[in-house]
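Pasting data.txt here (compact mmCIF, C-alpha atoms and all ligand atoms):
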```txt
# COMPACT_ATOMS: atom_id res chain seq x y z
CA THR A 243 174.74 38.35 176.69
CA ASP A 244 176.06 37.69 180.19
CA ILE A 245 179.20 39.80 180.43
CA LEU A 246 180.01 43.21 178.98
CA VAL A 247 183.56 44.54 178.58
CA LEU A 248 183.83 48.31 178.19
CA HIS A 249 186.89 50.18 176.98
CA GLY A 250 187.24 53.94 177.29
CA PRO A 251 188.97 56.56 175.14
CA ASN A 252 192.17 55.88 173.19
CA LEU A 253 192.12 52.17 173.95
CA ASN A 254 191.30 51.65 170.27
CA LEU A 255 194.94 52.68 169.74
CA LEU A 256 196.37 49.80 171.80
CA GLY A 257 199.38 48.29 170.09
CA GLN A 258 200.57 51.62 168.71
CA ARG A 259 199.87 53.84 171.70
CA GLU A 260 202.81 54.27 174.13
CA PRO A 261 203.70 50.56 173.84
CA GLU A 262 206.27 50.88 176.65
CA ILE A 263 203.34 51.61 178.98
CA TYR A 264 200.42 49.75 177.41
CA GLY A 265 202.10 46.84 175.60
CA SER A 266 201.90 45.66 172.02
CA THR A 267 198.65 43.71 172.17
CA THR A 268 195.85 45.29 170.17
CA LEU A 269 192.32 45.81 171.44
CA ALA A 270 191.03 43.39 168.80
CA ASP A 271 193.39 40.69 170.18
CA ILE A 272 192.21 41.32 173.73
CA ASN A 273 188.53 41.25 172.78
CA GLN A 274 188.94 38.08 170.75
CA LYS A 275 190.64 36.29 173.65
CA LEU A 276 187.96 37.43 176.07
CA VAL A 277 185.16 36.14 173.82
CA GLN A 278 186.97 32.79 173.53
CA GLN A 279 187.53 32.53 177.28
CA ALA A 280 183.86 33.32 177.98
CA ASN A 281 182.51 30.99 175.31
CA GLN A 282 184.66 28.09 176.54
CA ALA A 283 183.01 28.54 179.93
CA GLY A 284 179.54 28.67 178.36
CA PHE A 285 178.98 32.42 178.70
CA GLN A 286 178.36 35.14 176.15
CA LEU A 287 180.55 38.22 176.17
CA ASP A 288 180.19 41.46 174.29
CA SER A 289 182.74 44.27 174.14
CA PHE A 290 182.41 47.95 173.33
CA GLN A 291 184.95 50.75 172.99
CA SER A 292 184.24 54.44 172.67
CA ASN A 293 186.10 57.72 172.84
CA TRP A 294 182.80 59.35 173.85
CA GLU A 295 181.63 59.44 177.43
CA GLY A 296 177.96 59.57 176.45
CA ALA A 297 178.28 56.52 174.22
CA LEU A 298 179.68 54.56 177.17
CA VAL A 299 176.79 55.77 179.34
CA ASP A 300 174.30 54.68 176.67
CA ARG A 301 175.96 51.24 176.47
CA ILE A 302 175.80 50.87 180.27
CA GLN A 303 172.10 51.79 180.29
CA GLN A 304 171.47 49.33 177.48
CA ALA A 305 173.26 46.64 179.51
CA TYR A 306 170.54 46.93 182.12
CA ALA A 307 167.84 46.34 179.53
CA GLU A 308 169.82 43.32 178.23
CA HIS A 309 170.12 41.81 181.72
CA ILE A 310 173.92 41.83 181.54
CA ARG A 311 175.14 40.23 184.75
CA PHE A 312 178.63 41.64 185.06
CA ILE A 313 180.69 44.47 183.59
CA ILE A 314 184.47 44.62 183.22
CA ILE A 315 185.51 48.20 182.50
CA ASN A 316 188.71 50.02 181.65
CA PRO A 317 187.41 53.58 181.76
CA ALA A 318 190.84 54.89 180.61
CA ALA A 319 191.14 58.65 181.18
CA PHE A 320 187.47 58.88 182.22
CA THR A 321 188.54 56.99 185.36
CA HIS A 322 189.97 60.20 186.69
CA THR A 323 187.24 62.60 185.55
CA SER A 324 183.86 60.99 185.18
CA VAL A 325 181.10 61.34 187.74
CA THR A 326 178.86 60.47 184.77
CA LEU A 327 180.23 56.94 184.35
CA ARG A 328 180.09 56.40 188.10
CA ASP A 329 176.44 57.44 188.17
CA ALA A 330 175.62 55.24 185.17
CA LEU A 331 177.19 52.15 186.77
CA LEU A 332 175.46 52.84 190.07
CA GLY A 333 172.22 53.55 188.23
CA VAL A 334 172.07 50.14 186.61
CA ALA A 335 173.44 48.40 189.72
CA ILE A 336 175.41 45.86 187.68
CA PRO A 337 178.52 44.67 189.53
CA PHE A 338 181.77 45.68 187.86
CA ILE A 339 185.51 45.17 187.98
CA GLU A 340 187.77 48.10 187.05
CA VAL A 341 190.84 47.19 185.00
CA HIS A 342 193.87 49.25 184.01
CA LEU A 343 196.71 47.95 181.89
CA SER A 344 199.29 50.15 183.61
CA ASN A 345 199.92 50.57 187.33
CA VAL A 346 198.19 53.92 187.66
CA HIS A 347 199.60 54.36 191.16
CA ALA A 348 203.15 54.37 189.81
CA ARG A 349 202.31 57.18 187.39
CA GLU A 350 201.26 60.85 187.56
CA ALA A 351 199.35 61.92 190.68
CA PHE A 352 196.23 62.73 188.65
CA ARG A 353 195.96 59.02 187.78
CA HIS A 354 195.87 57.96 191.44
CA HIS A 355 192.25 58.92 191.95
CA SER A 356 189.40 56.96 190.40
CA TYR A 357 185.74 57.94 190.44
CA LEU A 358 184.83 54.26 190.23
CA SER A 359 187.14 52.26 192.49
CA ASP A 360 185.18 52.60 195.74
CA LYS A 361 182.12 51.16 194.00
CA ALA A 362 183.95 48.43 192.08
CA GLN A 363 183.91 44.80 193.13
CA ALA A 364 187.64 44.82 192.51
CA VAL A 365 190.35 46.85 190.82
CA ILE A 366 193.20 45.32 188.82
CA CYS A 367 196.03 47.48 187.54
CA GLY A 368 199.55 46.99 186.28
CA LEU A 369 199.18 43.51 184.80
CA GLY A 370 198.73 44.62 181.19
CA ALA A 371 196.17 42.70 179.14
CA ASP A 372 196.31 39.85 181.68
CA GLY A 373 194.26 42.08 183.97
CA TYR A 374 191.24 41.60 181.70
CA TYR A 375 191.71 37.81 181.57
CA PHE A 376 192.07 37.51 185.34
CA ALA A 377 188.99 39.68 185.83
CA LEU A 378 187.01 37.52 183.42
CA SER A 379 188.20 34.33 185.08
CA HIS A 380 186.83 35.62 188.39
CA VAL A 381 183.53 36.65 186.79
CA ILE A 382 183.16 33.19 185.24
CA ASN A 383 183.71 31.53 188.63
CA ARG A 384 181.12 33.78 190.21
CA LEU A 385 178.50 33.27 187.54
CA ASP A 386 179.16 29.52 187.63
CA SER A 387 178.59 29.33 191.36
CA ALA A 388 175.50 31.53 191.08
CA GLN A 389 174.05 28.99 188.64
CA ALA A 390 175.07 25.90 190.63
C1 LIG B 401 194.55 53.34 181.70
C2 LIG B 401 195.19 54.33 182.67
C3 LIG B 401 194.60 55.73 182.52
O1 LIG B 401 195.21 56.62 183.44
C4 LIG B 401 194.84 56.24 181.13
O2 LIG B 401 194.21 57.49 180.95
C5 LIG B 401 194.41 55.28 180.07
C6 LIG B 401 194.62 53.85 180.26
C7 LIG B 401 195.23 51.96 181.72
O3 LIG B 401 194.64 51.01 181.21
O4 LIG B 401 196.36 51.83 182.21
O5 LIG B 401 193.95 55.69 179.00
O6 LIG B 401 193.18 53.16 182.06
```
Go through the file and emit its structure as structure tokens.
Amino acid sequence: TDILVLHGPNLNLLGQREPEIYGSTTLADINQKLVQQANQAGFQLDSFQSNWEGALVDRIQQAYAEHIRFIIINPAAFTHTSVTLRDALLGVAIPFIEVHLSNVHAREAFRHHSYLSDKAQAVICGLGADGYYFALSHVINRLDSAQA
């Protein structure tokens, strides 16, 4: 696998969860599109969602062993709380893009701070599910030029 997409807590509820904020697309739809987009470009993509911080840490550590080249992560609420996820991503030294469906800066103050953003290659927020597709499109370009 070349690219790993990680989804944090409650993102399994996409489609039914506060649709006015997060949209009506389900996580399964998003993951399926991402796999298609990656495959069309000749890359393999895996996705993983968990409501458990430790499970996400384990998946990040496993990504290192699998030689995953890039991570796209929506850490959801862990964005604003998790030194653990930050340390895991720094520990494996795999470049990552942070994605949020909503514009976190237009919401409650506690959503304005991220434990990951200053270490991310890029941060995309407010574009809904498109944020994931734009992130992946960038990753594909980068991996392509690394191979050329
Ligand atoms: C989110 C924003 C977070 O603040 C929130 O806790 C989420 C989803 C987003 O995608 O907009 O669960 O990461």
Legend entry - Local residues around (184.1, 64.2, 181.3), at most 10 Å away, using all atoms listed in the file, as a list in words: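 It turns out the residues near that spot are Trp294, Glu295, Gly296, Ala319, Phe320, Thr321, His322, Thr323, Ser324, Val325, Thr326 and Leu327 of chain A.
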Long-range neighbours of region 349-366 of chain A as a PDB file with C-alpha atoms, in the coordinates of the input, 12 Å cut-off, only C-alpha atoms, 3 positions minimum in chain:
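The resulting file, selection08.pdb, is shown below:
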```
ATOM      1  CA  ILE A 263     203.340  51.610 178.980  1.00  0.00           C
ATOM      2  CA  PHE A 312     178.630  41.640 185.060  1.00  0.00           C
ATOM      3  CA  ILE A 313     180.690  44.470 183.590  1.00  0.00           C
ATOM      4  CA  ILE A 314     184.470  44.620 183.220  1.00  0.00           C
ATOM      5  CA  ILE A 315     185.510  48.200 182.500  1.00  0.00           C
ATOM      6  CA  ASN A 316     188.710  50.020 181.650  1.00  0.00           C
ATOM      7  CA  PRO A 317     187.410  53.580 181.760  1.00  0.00           C
ATOM      8  CA  ALA A 318     190.840  54.890 180.610  1.00  0.00           C
ATOM      9  CA  ALA A 319     191.140  58.650 181.180  1.00  0.00           C
ATOM     10  CA  PHE A 320     187.470  58.880 182.220  1.00  0.00           C
ATOM     11  CA  THR A 321     188.540  56.990 185.360  1.00  0.00           C
ATOM     12  CA  HIS A 322     189.970  60.200 186.690  1.00  0.00           C
ATOM     13  CA  THR A 323     187.240  62.600 185.550  1.00  0.00           C
ATOM     14  CA  SER A 324     183.860  60.990 185.180  1.00  0.00           C
ATOM     15  CA  VAL A 325     181.100  61.340 187.740  1.00  0.00           C
ATOM     16  CA  THR A 326     178.860  60.470 184.770  1.00  0.00           C
ATOM     17  CA  LEU A 327     180.230  56.940 184.350  1.00  0.00           C
ATOM     18  CA  ARG A 328     180.090  56.400 188.100  1.00  0.00           C
ATOM     19  CA  ASP A 329     176.440  57.440 188.170  1.00  0.00           C
ATOM     20  CA  ALA A 330     175.620  55.240 185.170  1.00  0.00           C
ATOM     21  CA  LEU A 331     177.190  52.150 186.770  1.00  0.00           C
ATOM     22  CA  LEU A 332     175.460  52.840 190.070  1.00  0.00           C
ATOM     23  CA  GLY A 333     172.220  53.550 188.230  1.00  0.00           C
ATOM     24  CA  ALA A 335     173.440  48.400 189.720  1.00  0.00           C
ATOM     25  CA  ILE A 336     175.410  45.860 187.680  1.00  0.00           C
ATOM     26  CA  PRO A 337     178.520  44.670 189.530  1.00  0.00           C
ATOM     27  CA  PHE A 338     181.770  45.680 187.860  1.00  0.00           C
ATOM     28  CA  ILE A 339     185.510  45.170 187.980  1.00  0.00           C
ATOM     29  CA  GLU A 340     187.770  48.100 187.050  1.00  0.00           C
ATOM     30  CA  VAL A 341     190.840  47.190 185.000  1.00  0.00           C
ATOM     31  CA  HIS A 342     193.870  49.250 184.010  1.00  0.00           C
ATOM     32  CA  LEU A 343     196.710  47.950 181.890  1.00  0.00           C
ATOM     33  CA  SER A 344     199.290  50.150 183.610  1.00  0.00           C
ATOM     34  CA  ASN A 345     199.920  50.570 187.330  1.00  0.00           C
ATOM     35  CA  VAL A 346     198.190  53.920 187.660  1.00  0.00           C
ATOM     36  CA  LEU A 369     199.180  43.510 184.800  1.00  0.00           C
ATOM     37  CA  GLY A 370     198.730  44.620 181.190  1.00  0.00           C
ATOM     38  CA  ALA A 371     196.170  42.700 179.140  1.00  0.00           C
ATOM     39  CA  ASP A 372     196.310  39.850 181.680  1.00  0.00           C
ATOM     40  CA  GLY A 373     194.260  42.080 183.970  1.00  0.00           C
ATOM     41  CA  TYR A 374     191.240  41.600 181.700  1.00  0.00           C
ATOM     42  CA  TYR A 375     191.710  37.810 181.570  1.00  0.00           C
ATOM     43  CA  PHE A 376     192.070  37.510 185.340  1.00  0.00           C
ATOM     44  CA  ALA A 377     188.990  39.680 185.830  1.00  0.00           C
ATOM     45  CA  LEU A 378     187.010  37.520 183.420  1.00  0.00           C
ATOM     46  CA  HIS A 380     186.830  35.620 188.390  1.00  0.00           C
ATOM     47  CA  VAL A 381     183.530  36.650 186.790  1.00  0.00           C
ATOM     48  CA  ARG A 384     181.120  33.780 190.210  1.00  0.00           C
TER      49      ARG A 384
END
```
Inset, instruction - May I ask which of the residues A:Val247, A:Ser292, A:Leu385, A:Leu255 is the closest one to Gln274 (chain A), counting only C-alpha atoms? - result: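 Closest residue, counting only C-alpha atoms: A:Val247.
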Legend entry - Residue with smallest distance to ligand LIG 401 (chain B) - pool A:His309, A:Lys275, A:Arg301, A:Arg259, counting only C-alpha atoms and all ligand atoms: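 Using only C-alpha atoms and all ligand atoms, the shortest distance to ligand LIG 401 (chain B) belongs to A:Arg259.
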Inset, instruction - Pick out the closest residue to ligand LIG 401 (chain B) from this set: A:Cys367, A:Gly257, A:Ala280, A:Leu287. Count only C-alpha atoms and all ligand atoms. - result: A:Cys367
Legend entry - Contact residues around Ile310 (chain A) with all atoms listed in the file at 9 Å, ignoring same-chain residues under 2 positions, as an MDAnalysis selection string: chainID A and resid 243:246 304:308 312:313 336
Legend entry - d(CA of Asn273 (chain A), CA of Ser289 (chain A)) in Å: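 Separating CA of Asn273 (chain A) from CA of Ser289 (chain A) is a distance of 6.7 Å.
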Inset, instruction - Calculate how many Å separate CA of Ile272 (chain A) from CA of Asp386 (chain A), rounding to one decimal. - result: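 These atoms are spaced 22.4 Å apart.
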Inset, instruction - Can you work out which one of A:Ala297, A:Phe285, A:Arg311, A:Gly250 has the shortest atom-to-atom distance to ligand LIG 401 (chain B), counting only C-alpha atoms and all ligand atoms? - result: A:Gly250
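In this structure, CA of His347 (chain A) sits 19.5 Å away from CA of His249 (chain A).
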Using all atoms of region 344-358 of chain A that appear in the file, construct an axis-aligned enclosing box with 6 Å of padding on every side and provide its centre coordinates and edge lengths in Å, rounded to one decimal, as AutoDock Vina command-line options.
```
--center_x 194.0 --center_y 56.4 --center_z 187.8 --size_x 30.3 --size_y 24.6 --size_z 20.3
```
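Shortest separation to ligand LIG 401 (chain B) among A:Leu253, A:Leu298, A:Ala283, A:Ile382 occurs at residue A:Leu253, atoms counted being all atoms listed in the file.
Nearest to Pro251 (chain A) of all the residues A:Ala388, A:Ala348, A:Leu276, A:Leu269 is A:Leu269, based on all atoms listed in the file.
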